[in-house]
>>> print(open('work_0.cif').read())   # mmCIF, C-alpha atoms
data_coords
loop_
_atom_site.label_atom_id
_atom_site.label_comp_id
_atom_site.auth_asym_id
_atom_site.auth_seq_id
_atom_site.Cartn_x
_atom_site.Cartn_y
_atom_site.Cartn_z
CA MET C 223 77.49 33.50 147.59
CA TRP C 224 74.21 34.73 149.12
CA ARG C 225 75.84 35.21 152.54
CA ASP C 226 78.61 37.26 150.91
CA ALA C 227 76.05 39.24 148.91
CA ALA C 228 74.10 40.09 152.08
CA LEU C 229 77.31 41.11 153.84
CA VAL C 230 78.41 43.44 151.03
CA ALA C 231 74.92 44.89 150.53
CA GLY C 232 74.63 45.57 154.26
CA LYS C 233 78.03 47.25 154.28
CA ASP C 234 77.26 49.47 151.26
CA ILE C 235 73.85 50.49 152.61
CA ARG C 236 75.37 51.23 156.02
CA VAL C 237 78.01 53.42 154.34
CA GLU C 238 75.27 55.33 152.49
CA LEU C 239 73.15 55.74 155.62
CA ARG C 240 76.12 57.17 157.52
CA SER C 241 77.52 59.35 154.71
CA ARG C 242 74.07 60.44 153.45
CA VAL C 243 75.46 61.11 149.98
CA ALA C 244 72.45 59.44 148.38
CA THR C 245 69.91 61.44 150.37
CA ASN C 246 71.77 64.75 150.36
CA GLN C 247 73.12 64.73 146.82
CA VAL C 248 71.71 62.05 144.50
CA LEU C 249 68.08 62.52 145.49
CA PRO C 250 68.12 66.35 145.24
CA PHE C 251 69.94 65.99 141.89
CA ALA C 252 67.18 63.74 140.53
CA LEU C 253 64.46 66.10 141.73
CA LEU C 254 66.35 69.02 140.20
CA VAL C 255 66.41 67.21 136.86
CA LEU C 256 62.62 66.84 137.02
CA ILE C 257 62.18 70.52 137.89
CA LEU C 258 64.58 71.70 135.19
CA PHE C 259 62.76 69.64 132.59
CA ALA C 260 59.54 71.27 133.73
CA PHE C 261 61.10 74.71 133.21
CA ALA C 262 62.65 73.78 129.88
CA LEU C 263 59.51 72.22 128.41
CA ASP C 264 57.22 75.05 129.36
CA PRO C 265 55.00 74.57 132.38
CA ASP C 266 52.21 73.26 130.20
CA ARG C 267 50.83 70.49 132.38
CA GLY C 268 49.27 68.65 129.47
CA PHE C 269 52.57 68.23 127.66
CA LEU C 270 54.51 67.52 130.83
CA GLY C 271 52.01 64.80 131.71
CA GLN C 272 52.63 63.16 128.33
CA ALA C 273 56.41 63.44 128.67
CA ALA C 274 56.41 62.36 132.32
CA PRO C 275 57.46 58.70 131.72
CA GLY C 276 60.49 59.65 129.63
CA LEU C 277 61.54 62.45 131.95
CA PHE C 278 61.11 60.19 134.99
CA TRP C 279 63.36 57.48 133.55
CA VAL C 280 65.97 59.94 132.28
CA ALA C 281 66.20 61.28 135.84
CA VAL C 282 66.48 57.71 137.18
CA LEU C 283 69.16 56.89 134.60
CA PHE C 284 71.33 59.90 135.50
CA SER C 285 70.91 59.12 139.18
CA ALA C 286 71.85 55.49 138.57
CA VAL C 287 75.16 56.63 137.07
CA LEU C 288 75.82 58.67 140.22
CA ALA C 289 74.82 55.79 142.50
CA VAL C 290 77.11 53.35 140.67
CA GLN C 291 80.01 55.81 140.75
CA ARG C 292 79.46 56.26 144.47
CA SER C 293 79.31 52.50 144.97
CA PHE C 294 82.85 52.15 143.61
CA ALA C 295 84.17 55.42 145.03
CA ILE C 296 83.76 54.02 148.54
CA GLU C 297 86.00 51.11 147.52
CA ALA C 298 88.68 53.48 146.20
CA SER C 299 89.43 55.18 149.50
CA ASP C 300 92.32 53.57 151.41
CA HIS C 301 92.48 50.76 148.82
CA ALA C 302 89.34 49.20 150.31
CA ARG C 303 88.76 47.38 147.04
CA GLU C 304 92.03 45.53 147.55
CA GLY C 305 90.80 44.61 151.01
CA LEU C 306 87.63 43.30 149.39
CA ARG C 307 89.70 41.10 147.07
CA LEU C 308 91.88 39.96 149.93
CA SER C 309 88.88 39.06 152.08
CA GLY C 310 88.19 35.96 150.02
CA LEU C 311 84.56 36.95 149.45
CA ASP C 312 82.92 35.25 146.49
CA PRO C 313 83.17 37.74 143.57
CA ALA C 314 79.64 36.79 142.48
CA GLY C 315 78.49 37.62 146.02
CA ILE C 316 80.29 40.97 145.89
CA PHE C 317 78.59 41.74 142.57
CA LEU C 318 75.14 40.79 143.82
CA GLY C 319 75.66 42.69 147.08
CA LYS C 320 76.80 45.87 145.40
CA ALA C 321 74.03 45.64 142.79
CA ALA C 322 71.45 45.07 145.55
CA ALA C 323 72.65 48.15 147.43
CA VAL C 324 72.45 50.28 144.27
CA ALA C 325 69.00 48.83 143.52
CA ALA C 326 67.79 49.65 147.04
CA GLN C 327 68.90 53.27 146.64
CA LEU C 328 67.28 53.51 143.20
CA GLY C 329 64.06 52.04 144.61
CA VAL C 330 63.83 54.80 147.22
CA LEU C 331 64.73 57.38 144.59
CA GLU C 332 62.01 56.12 142.24
CA ALA C 333 59.41 56.35 145.00
CA VAL C 334 60.30 60.00 145.60
CA LEU C 335 60.47 60.77 141.87
CA THR C 336 57.07 59.14 141.36
CA ALA C 337 55.64 61.60 143.87
CA GLY C 338 57.56 64.28 141.97
CA VAL C 339 55.97 63.51 138.58
CA VAL C 340 52.53 63.41 140.18
CA VAL C 341 52.98 66.79 141.85
CA LEU C 342 55.06 68.58 139.19
CA TYR C 343 53.74 67.03 135.98
CA GLY C 344 50.23 66.17 137.07
CA ALA C 345 50.64 62.50 136.11
CA HIS C 346 47.90 60.04 137.11
CA LEU C 347 49.14 56.69 138.37
CA GLU C 348 46.93 54.25 136.44
CA GLY C 349 48.01 50.62 136.03
CA ALA C 350 49.89 50.60 139.32
CA LEU C 351 50.89 46.94 138.98
CA LEU C 352 52.59 47.55 135.62
CA LEU C 353 54.29 50.68 136.94
CA LEU C 354 55.57 48.76 139.95
CA GLY C 355 56.73 45.77 137.88
CA THR C 356 58.48 48.13 135.46
CA CYS C 357 60.27 49.86 138.33
CA LEU C 358 61.37 46.50 139.72
CA ALA C 359 62.69 45.06 136.45
CA ALA C 360 64.29 48.31 135.27
CA THR C 361 65.93 48.90 138.64
CA VAL C 362 67.43 45.43 138.75
CA GLY C 363 68.67 45.83 135.16
CA LEU C 364 70.18 49.26 135.82
CA ALA C 365 71.83 48.13 139.04
CA ALA C 366 73.24 44.96 137.46
CA ALA C 367 74.55 46.63 134.30
CA GLY C 368 75.83 49.61 136.31
CA THR C 369 77.72 47.39 138.75
CA ALA C 370 79.25 45.31 135.95
CA TYR C 371 80.45 48.40 134.09
CA GLY C 372 81.28 50.21 137.33
CA VAL C 373 83.97 47.70 138.27
CA LEU C 374 85.38 47.95 134.76
CA ALA C 375 85.78 51.72 135.03
CA ALA C 376 86.66 51.83 138.73
CA SER C 377 90.41 51.44 138.44
CA LEU C 378 90.85 53.99 135.69
CA ARG C 379 91.85 57.58 136.33
CA VAL C 380 89.12 58.79 133.98
CA ARG C 381 86.40 56.69 135.65
CA GLU C 382 84.08 59.64 136.38
CA THR C 383 83.77 60.51 132.70
CA LEU C 384 84.19 57.02 131.30
CA LEU C 385 81.38 55.33 133.24
CA PRO C 386 78.55 57.39 131.70
CA LEU C 387 80.07 56.85 128.25
CA LEU C 388 80.16 53.10 128.78
CA LEU C 389 76.91 52.71 130.67
CA LEU C 390 74.38 55.04 129.06
CA PRO C 391 74.41 53.40 125.58
CA VAL C 392 74.17 49.96 127.21
CA VAL C 393 71.14 50.87 129.29
CA ALA C 394 69.34 52.61 126.42
CA PRO C 395 66.99 49.58 126.12
CA VAL C 396 66.01 50.10 129.77
CA LEU C 397 65.20 53.75 129.10
CA LEU C 398 63.15 52.80 126.05
CA GLY C 399 61.38 49.82 127.61
CA ALA C 400 60.64 51.49 130.94
CA THR C 401 59.38 54.65 129.25
CA LYS C 402 57.06 52.69 126.93
CA ALA C 403 55.78 50.52 129.78
CA TRP C 404 55.12 53.56 131.95
CA GLU C 405 53.37 55.34 129.07
CA ALA C 406 51.06 52.34 128.75
CA GLY C 407 50.52 52.21 132.49
CA LEU C 408 49.83 55.92 132.92
CA ALA C 409 47.47 55.86 129.92
CA GLY C 410 45.48 53.06 131.55
CA HIS C 411 46.40 50.41 128.93
CA PRO C 412 48.60 48.04 130.94
CA ALA C 413 48.35 45.23 128.35
CA GLN C 414 50.32 47.39 125.90
CA GLY C 415 53.14 47.59 128.40
CA ASP C 416 53.59 43.85 128.83
CA PRO C 417 56.07 43.32 125.95
CA TRP C 418 58.21 46.16 127.28
CA LEU C 419 58.09 44.71 130.78
CA ARG C 420 59.28 41.40 129.36
CA LEU C 421 62.15 43.19 127.58
CA LEU C 422 63.16 44.77 130.89
CA ALA C 423 63.02 41.41 132.66
CA VAL C 424 65.22 39.80 129.99
CA PHE C 425 67.69 42.69 130.23
CA ALA C 426 67.84 42.31 134.01
CA VAL C 427 68.39 38.55 133.86
CA VAL C 428 71.08 38.88 131.16
CA TYR C 429 73.05 41.48 133.11
CA LEU C 430 72.65 39.65 136.40
CA ALA C 431 74.08 36.52 134.78
CA LEU C 432 76.83 38.50 133.04
CA GLY C 433 77.77 40.23 136.28
CA VAL C 434 77.85 37.00 138.29
CA LEU C 435 80.17 35.42 135.72
CA ALA C 436 82.37 38.40 134.82
CA PHE C 437 82.69 40.37 138.02
CA GLY C 438 85.49 38.20 139.46
CA PRO C 439 87.86 38.54 136.50
CA LEU C 440 87.00 42.24 136.17
CA LEU C 441 87.72 42.83 139.86
CA GLU C 442 91.04 41.02 139.61
CA GLU C 443 92.17 42.60 136.36
CA SER C 444 91.09 46.18 136.92
CA MET R 173 102.53 19.45 157.52
CA PRO R 174 103.07 21.41 154.26
CA PRO R 175 105.22 24.54 154.29
CA ALA R 176 103.34 27.77 155.06
CA VAL R 177 104.92 29.28 151.96
CA ARG R 178 106.65 27.48 149.11
CA LEU R 179 107.83 29.53 146.15
CA GLN R 180 109.89 27.92 143.42
CA ARG R 181 111.32 30.16 140.70
CA ALA R 182 108.27 32.40 141.19
CA VAL R 183 107.94 35.26 138.76
CA ALA R 184 105.37 38.03 139.20
CA LEU R 185 104.95 40.91 136.79
CA ILE R 186 103.71 44.43 137.36
CA GLY R 187 102.94 45.43 133.79
CA SER R 188 106.02 44.10 132.01
CA PHE R 189 108.34 44.68 135.00
CA PRO R 190 109.33 41.55 136.92
CA ALA R 191 108.62 42.55 140.52
CA LEU R 192 109.56 38.99 141.49
CA ALA R 193 112.20 37.57 139.19
CA GLY R 194 112.45 33.91 140.14
CA VAL R 195 112.02 33.77 143.91
CA ASP R 196 112.81 30.56 145.78
CA LEU R 197 111.57 30.58 149.36
CA GLU R 198 110.23 28.01 151.78
CA VAL R 199 108.76 29.00 155.13
CA THR R 200 107.76 26.43 157.73
CA PRO R 201 104.64 26.94 159.87
CA GLY R 202 105.28 28.95 163.02
CA GLU R 203 108.33 30.76 161.61
CA VAL R 204 108.79 34.51 161.79
CA VAL R 205 110.71 35.54 158.69
CA LEU R 206 112.07 39.05 158.33
CA ILE R 207 112.45 40.15 154.71
CA GLN R 208 115.00 42.85 154.21
CA GLY R 209 116.25 44.75 151.24
CA PRO R 210 116.47 48.20 149.67
CA ASN R 211 113.51 50.00 148.14
CA GLY R 212 112.35 48.17 145.04
CA ALA R 213 113.89 44.89 146.16
CA GLY R 214 110.56 43.09 145.86
CA LYS R 215 109.59 42.82 149.56
CA THR R 216 106.09 44.23 149.16
CA SER R 217 105.59 42.27 145.93
CA LEU R 218 106.57 39.06 147.73
CA LEU R 219 103.99 39.72 150.45
CA ARG R 220 101.31 40.64 147.91
CA ALA R 221 102.06 37.50 145.90
CA CYS R 222 101.71 35.38 149.05
CA ALA R 223 98.34 37.08 149.70
CA GLY R 224 97.19 36.22 146.19
CA LEU R 225 96.95 39.89 145.21
CA LEU R 226 99.84 39.77 142.74
CA PRO R 227 99.53 36.83 140.35
CA VAL R 228 102.54 34.55 139.98
CA SER R 229 102.91 34.26 136.22
CA SER R 230 105.47 31.47 136.17
CA GLY R 231 107.10 29.14 138.61
CA ARG R 232 105.31 27.46 141.48
CA ALA R 233 103.57 29.16 144.39
CA GLU R 234 101.89 27.40 147.30
CA VAL R 235 100.60 29.07 150.41
CA LEU R 236 99.29 27.06 153.37
CA GLY R 237 99.36 23.99 151.16
CA GLU R 238 97.13 25.56 148.51
CA ASP R 239 98.18 26.28 144.95
CA LEU R 240 97.94 30.07 144.55
CA ALA R 241 97.09 29.83 140.87
CA ARG R 242 94.06 27.59 141.43
CA ARG R 243 92.91 28.11 145.02
CA GLN R 244 93.45 31.85 145.39
CA ARG R 245 90.22 32.49 147.28
CA ALA R 246 90.82 29.70 149.76
CA VAL R 247 94.25 31.15 150.49
CA ARG R 248 92.97 34.69 150.94
CA ARG R 249 90.61 33.67 153.70
CA ARG R 250 93.51 32.20 155.69
CA VAL R 251 96.02 35.03 155.30
CA ALA R 252 96.01 38.66 156.37
CA LEU R 253 98.02 41.50 154.89
CA LEU R 254 98.86 44.64 156.82
CA GLY R 255 100.35 46.95 154.24
CA HIS R 256 100.72 50.64 153.62
CA ALA R 257 96.94 50.89 153.21
CA THR R 258 94.54 49.77 155.92
CA PHE R 259 91.62 48.82 153.63
CA LEU R 260 89.12 50.63 155.88
CA TYR R 261 85.90 52.47 155.00
CA ASP R 262 86.00 56.07 156.19
CA ASP R 263 82.23 56.34 156.58
CA LEU R 264 81.82 53.22 158.68
CA SER R 265 82.46 53.17 162.39
CA VAL R 266 85.47 51.37 163.80
CA ILE R 267 83.39 48.45 165.07
CA ASP R 268 81.49 48.16 161.77
CA ASN R 269 84.78 48.06 159.85
CA VAL R 270 86.17 45.35 162.10
CA ARG R 271 82.94 43.33 162.00
CA PHE R 272 82.77 43.51 158.21
CA ALA R 273 86.41 42.49 157.72
CA VAL R 274 86.13 39.59 160.15
CA ARG R 275 82.86 38.28 158.71
CA ALA R 276 84.12 38.72 155.15
CA ALA R 277 87.08 36.49 155.99
CA GLY R 278 84.64 33.87 157.24
CA ALA R 279 85.82 34.20 160.84
CA PRO R 280 83.35 34.34 163.74
CA ALA R 281 82.70 37.93 164.79
CA ARG R 282 83.23 37.26 168.49
CA ASP R 283 85.31 39.21 171.00
CA LEU R 284 85.55 42.24 168.71
CA GLY R 285 85.38 44.54 171.73
CA ALA R 286 88.27 42.67 173.34
CA ALA R 287 90.36 42.98 170.17
CA LEU R 288 89.66 46.71 170.00
CA ALA R 289 90.44 47.18 173.69
CA ARG R 290 93.71 45.31 173.22
CA VAL R 291 94.85 47.82 170.58
CA GLY R 292 93.73 50.74 172.71
CA LEU R 293 90.51 51.56 170.88
CA ASP R 294 87.94 51.47 173.65
CA GLY R 295 85.44 53.90 175.16
CA ARG R 296 83.71 55.89 172.42
CA LEU R 297 86.23 55.06 169.72
CA PRO R 298 84.56 51.84 168.45
CA ARG R 299 81.51 53.89 167.42
CA THR R 300 83.55 56.67 165.81
CA SER R 301 83.79 56.90 162.02
CA VAL R 302 87.16 55.71 160.78
CA GLY R 303 87.44 58.89 158.71
CA ARG R 304 87.81 60.86 161.94
CA LEU R 305 90.72 58.82 163.25
CA SER R 306 94.40 59.68 163.06
CA ALA R 307 96.72 57.61 160.87
CA GLY R 308 98.03 55.79 163.92
CA GLN R 309 94.52 54.98 165.13
CA ARG R 310 93.59 53.65 161.69
CA ARG R 311 96.62 51.40 161.88
CA ARG R 312 95.39 50.17 165.27
CA VAL R 313 92.01 49.32 163.73
CA ALA R 314 93.86 47.22 161.16
CA LEU R 315 95.73 45.51 163.99
CA ALA R 316 92.43 44.80 165.76
CA ILE R 317 91.17 43.12 162.59
CA LEU R 318 94.29 40.93 162.58
CA LEU R 319 93.68 39.99 166.20
CA ALA R 320 90.01 39.21 165.62
CA ARG R 321 90.60 37.27 162.40
CA ARG R 322 93.44 35.09 163.73
CA PRO R 323 94.86 34.28 160.28
CA GLU R 324 97.25 31.39 159.77
CA LEU R 325 99.69 33.51 157.79
CA TRP R 326 100.45 37.11 158.75
CA LEU R 327 101.93 39.27 156.01
CA LEU R 328 103.21 42.47 157.59
CA ASP R 329 104.63 45.25 155.42
CA GLU R 330 106.33 47.89 157.57
CA PRO R 331 103.96 47.15 160.46
CA HIS R 332 105.58 49.64 162.83
CA ALA R 333 105.11 52.58 160.47
CA GLY R 334 102.86 55.36 161.73
CA LEU R 335 102.54 53.96 165.26
CA ASP R 336 103.61 55.53 168.53
CA ALA R 337 105.88 53.75 171.03
CA SER R 338 103.06 51.75 172.64
CA GLY R 339 101.69 50.79 169.23
CA ARG R 340 105.10 49.56 168.12
CA ASP R 341 105.41 47.49 171.27
CA LEU R 342 101.95 46.11 170.60
CA VAL R 343 102.98 44.99 167.11
CA ASP R 344 105.99 43.18 168.60
CA GLU R 345 103.76 41.45 171.16
CA MET R 346 101.26 40.44 168.49
CA VAL R 347 103.97 38.95 166.28
CA ARG R 348 105.39 36.92 169.17
CA GLU R 349 101.93 35.73 170.21
CA ALA R 350 101.01 34.79 166.64
CA ALA R 351 104.15 32.70 166.27
CA ALA R 352 103.64 31.13 169.68
CA GLY R 353 100.09 30.25 168.63
CA GLY R 354 101.34 28.43 165.52
CA SER R 355 100.77 31.16 162.94
CA THR R 356 103.46 32.04 160.43
CA VAL R 357 104.65 35.62 160.02
CA LEU R 358 106.37 37.20 157.03
CA LEU R 359 107.56 40.62 157.99
CA ALA R 360 109.08 43.26 155.71
CA SER R 361 110.71 46.13 157.51
CA HIS R 362 113.40 48.75 157.09
CA GLU R 363 113.58 49.08 160.87
CA ALA R 364 116.14 46.34 161.35
CA ASP R 365 116.84 47.03 165.02
CA ARG R 366 113.16 46.76 165.82
CA ALA R 367 112.26 43.81 163.63
CA ARG R 368 115.35 41.57 163.89
CA PRO R 369 114.70 40.43 167.47
CA LEU R 370 111.27 39.16 166.37
CA ALA R 371 112.57 36.99 163.55
CA SER R 372 113.66 33.38 163.48
CA ARG R 373 115.09 33.84 159.98
CA LEU R 374 116.25 36.75 157.89
CA VAL R 375 115.81 36.82 154.13
CA ALA R 376 117.66 39.39 152.03
CA MET R 377 116.09 40.45 148.75
CA ALA R 378 117.33 42.56 145.87
CA GLY R 379 116.17 42.94 142.30
CA GLY R 380 113.11 40.77 142.87
CA GLN R 381 115.16 37.79 144.01
CA VAL R 382 116.22 36.23 147.29
CA GLN R 383 119.91 37.03 147.70
CA GLY R 384 120.61 35.20 150.95
CA GLU R 385 119.22 33.88 154.19
CA GLU R 386 120.34 33.97 157.78
CA LEU R 387 119.02 31.66 160.47
CA VAL R 388 118.66 33.06 163.96
CA LEU R 389 119.55 30.60 166.70
CA TRP R 390 118.16 31.92 169.91
CA GLY R 391 120.59 31.76 172.84
CA GLY R 392 117.67 32.19 175.20
CA SER R 393 114.08 33.22 174.98
CA PRO R 394 113.47 36.18 172.71
CA PRO R 395 114.32 39.02 172.62
CA ASN R 396 117.77 38.14 173.94
CA THR R 397 120.60 38.76 171.54
CA PRO R 398 120.48 35.97 169.00
CA GLU R 399 123.33 34.15 167.37
CA ARG R 400 123.04 34.18 163.58
CA VAL R 401 124.16 31.63 161.05
CA HIS R 402 124.57 32.69 157.46
CA VAL R 403 123.16 29.93 155.28
CA ALA R 404 123.16 31.30 151.77
#
>>> encode(input="work_0.cif", output="structure tokens")
Amino acid sequence: MWRDAALVAGKDIRVELRSRVATNQVLPFALLVLILFAFALDPDRGFLGQAAPGLFWVAVLFSAVLAVQRSFAIEASDHAREGLRLSGLDPAGIFLGKAAAVAAQLGVLEAVLTAGVVVLYGAHLEGALLLLGTCLAATVGLAAAGTAYGVLAASLRVRETLLPLLLLPVVAPVLLGATKAWEAGLAGHPAQGDPWLRLLAVFAVVYLALGVLAFGPLLEES
Amino acid sequence: MPPAVRLQRAVALIGSFPALAGVDLEVTPGEVVLIQGPNGAGKTSLLRACAGLLPVSSGRAEVLGEDLARRQRAVRRRVALLGHATFLYDDLSVIDNVRFAVRAAGAPARDLGAALARVGLDGRLPRTSVGRLSAGQRRRVALAILLARRPELWLLDEPHAGLDASGRDLVDEMVREAAAGGSTVLLASHEADRARPLASRLVAMAGGQVQGEELVLWGGSPPNTPERVHVA
């Protein structure tokens, strides 16, 4: 399973490095969301600083939808997904590999967006450990849930519009938990963020387990 | 040694349509079986069922001694399907595509350069993105994967399609070499003149069922004109 996961993750990351869709489209999109929020909410740095956690995670969430869609779009061309099934790879390995590739892209994106909220919103990065732990748990949760729902939507003609409808309500706890944990971290009260970090960790574990168990049948049926 | 393929009253559905409507077929290891029939006869469905891509909903299906219903993944690693699609990633280079497909099948990723050279993809082509290749070149990449993987069961659906004269000759060579090496080949083709000399048995399909079989008794070494015996 782990060998298959590494193989699939390596393939997906190599595809992204060569196509540069993540760097040329997803990343600028996320930055644009941050900038547009800044315009919309009045360039009052005090308010933007307060809203920074929520705006950061909304931008990450939208970008995660794009990254998951892209992850399954590369399998749609030339029936590559059928080749993936035919290869005999462990479905749990495929799930973990694809989720790891999405998580890696989101990790890079979050690093850039963090710089964005510091520069654009004037946020101060207090409680760095909590912020980092939140990013880790939320990213794993988003990638796992996104990959599980991504395979469900992938075979449908309306997948581009269906995936956000399926995924965004499901990952609402991630948005809430990550925003609250970041608020606590940025305010310099990391202890207040611990319960939210635990919620994010539980979410990540649940969706990792769900994906490992359900991805095979979903891949075969869809 | 178990049959390479054993289907008994195999039924496979696409939606509610029976793409295979009770197929009986037994293929011994090392055979080259040409499946013929009109469009919609069930040739592609038969190959996809043997690859474990189309579930057999009733009847019995064994491939390479494994029960397709229970050991699907084990079967998939030992078979290769060359169909209308090539299953390649446009953004990956030729060599990366071949390496991924070979490793994913659990085969050692050795001699990939030799496999690519054999199908005429040498020089700069291995490092070229597959998305920049012509349809015929993409087909050659798929052939290189077959060569590098060395599957025990080759499932070839119109393998000559989209290839130039040298590519078509290459397919013929590969089929003969695979059979000589002990692999089994199921070949579906509308190009009877091209495919018949490769086959040791002909199977006619229509309406999702096997309608008849014809053994080919070679008068000499292939591709001399064979004598055929109608058996069903």
>>> resolve_selection(input="work_0.cif", expression="the PyMOL selection byres ((chain C) within 10 of (chain R))", output="ChimeraX atom specification")
/C:225-226,229-230,232-234,236-242,296-313,442
>>> residues_around(input="work_0.cif", residues="R:Leu206", least_positions_apart="6", cutoff="6 Å", atoms="only C-alpha atoms", output="VMD selection string")
chain R and resid 359 to 360 371 374
>>> resolve_selection(input="work_0.cif", expression="the PyMOL selection byres ((chain R and resi 266) around 12)", output="ChimeraX atom specification")
/R:260-265,267-273,284-285,287-289,293-305,309-317
>>> resolve_selection(input="work_0.cif", expression="the PyMOL selection byres ((chain R and resi 361) around 12)", output="number ranges by chain")
R: 205-211, 213, 215-216, 219, 254-256, 327-333, 358-360, 362-368, 370-371, 374-377
>>> atom_distance(input="work_0.cif", atom1="atom CA of C:Leu353", atom2="atom CA of C:Gly407")
6.0 Å
>>> closest_residue(input="work_0.cif", among="R:Gly379, R:Gly231, R:Gly214, R:Gly292", to="R:Leu342", atoms="only C-alpha atoms")
R:Gly292
>>> atom_distance(input="work_0.cif", atom1="atom CA of C:Thr336", atom2="atom CA of C:Trp279")
10.2 Å
>>> closest_residue(input="work_0.cif", among="C:Leu342, C:Val255, C:Leu430, C:Val424", to="C:Ala366", atoms="all atoms listed in the file")
C:Leu430
>>> closest_residue(input="work_0.cif", among="C:Ala281, C:Leu258, C:Leu270, C:Leu263", to="C:Gly344", atoms="all atoms listed in the file")
C:Leu270
>>> axis_aligned_box(input="work_0.cif", around="stretch 229-240 of chain C", padding_each_side="8 Å", output="lines of an AutoDock Vina configuration file")
center_x = 75.8
center_y = 49.1
center_z = 154.0
size_x = 21.3
size_y = 32.1
size_z = 23.0
>>> atom_distance(input="work_0.cif", atom1="atom CA of C:Leu419", atom2="atom CA of C:Ala394")
14.4 Å
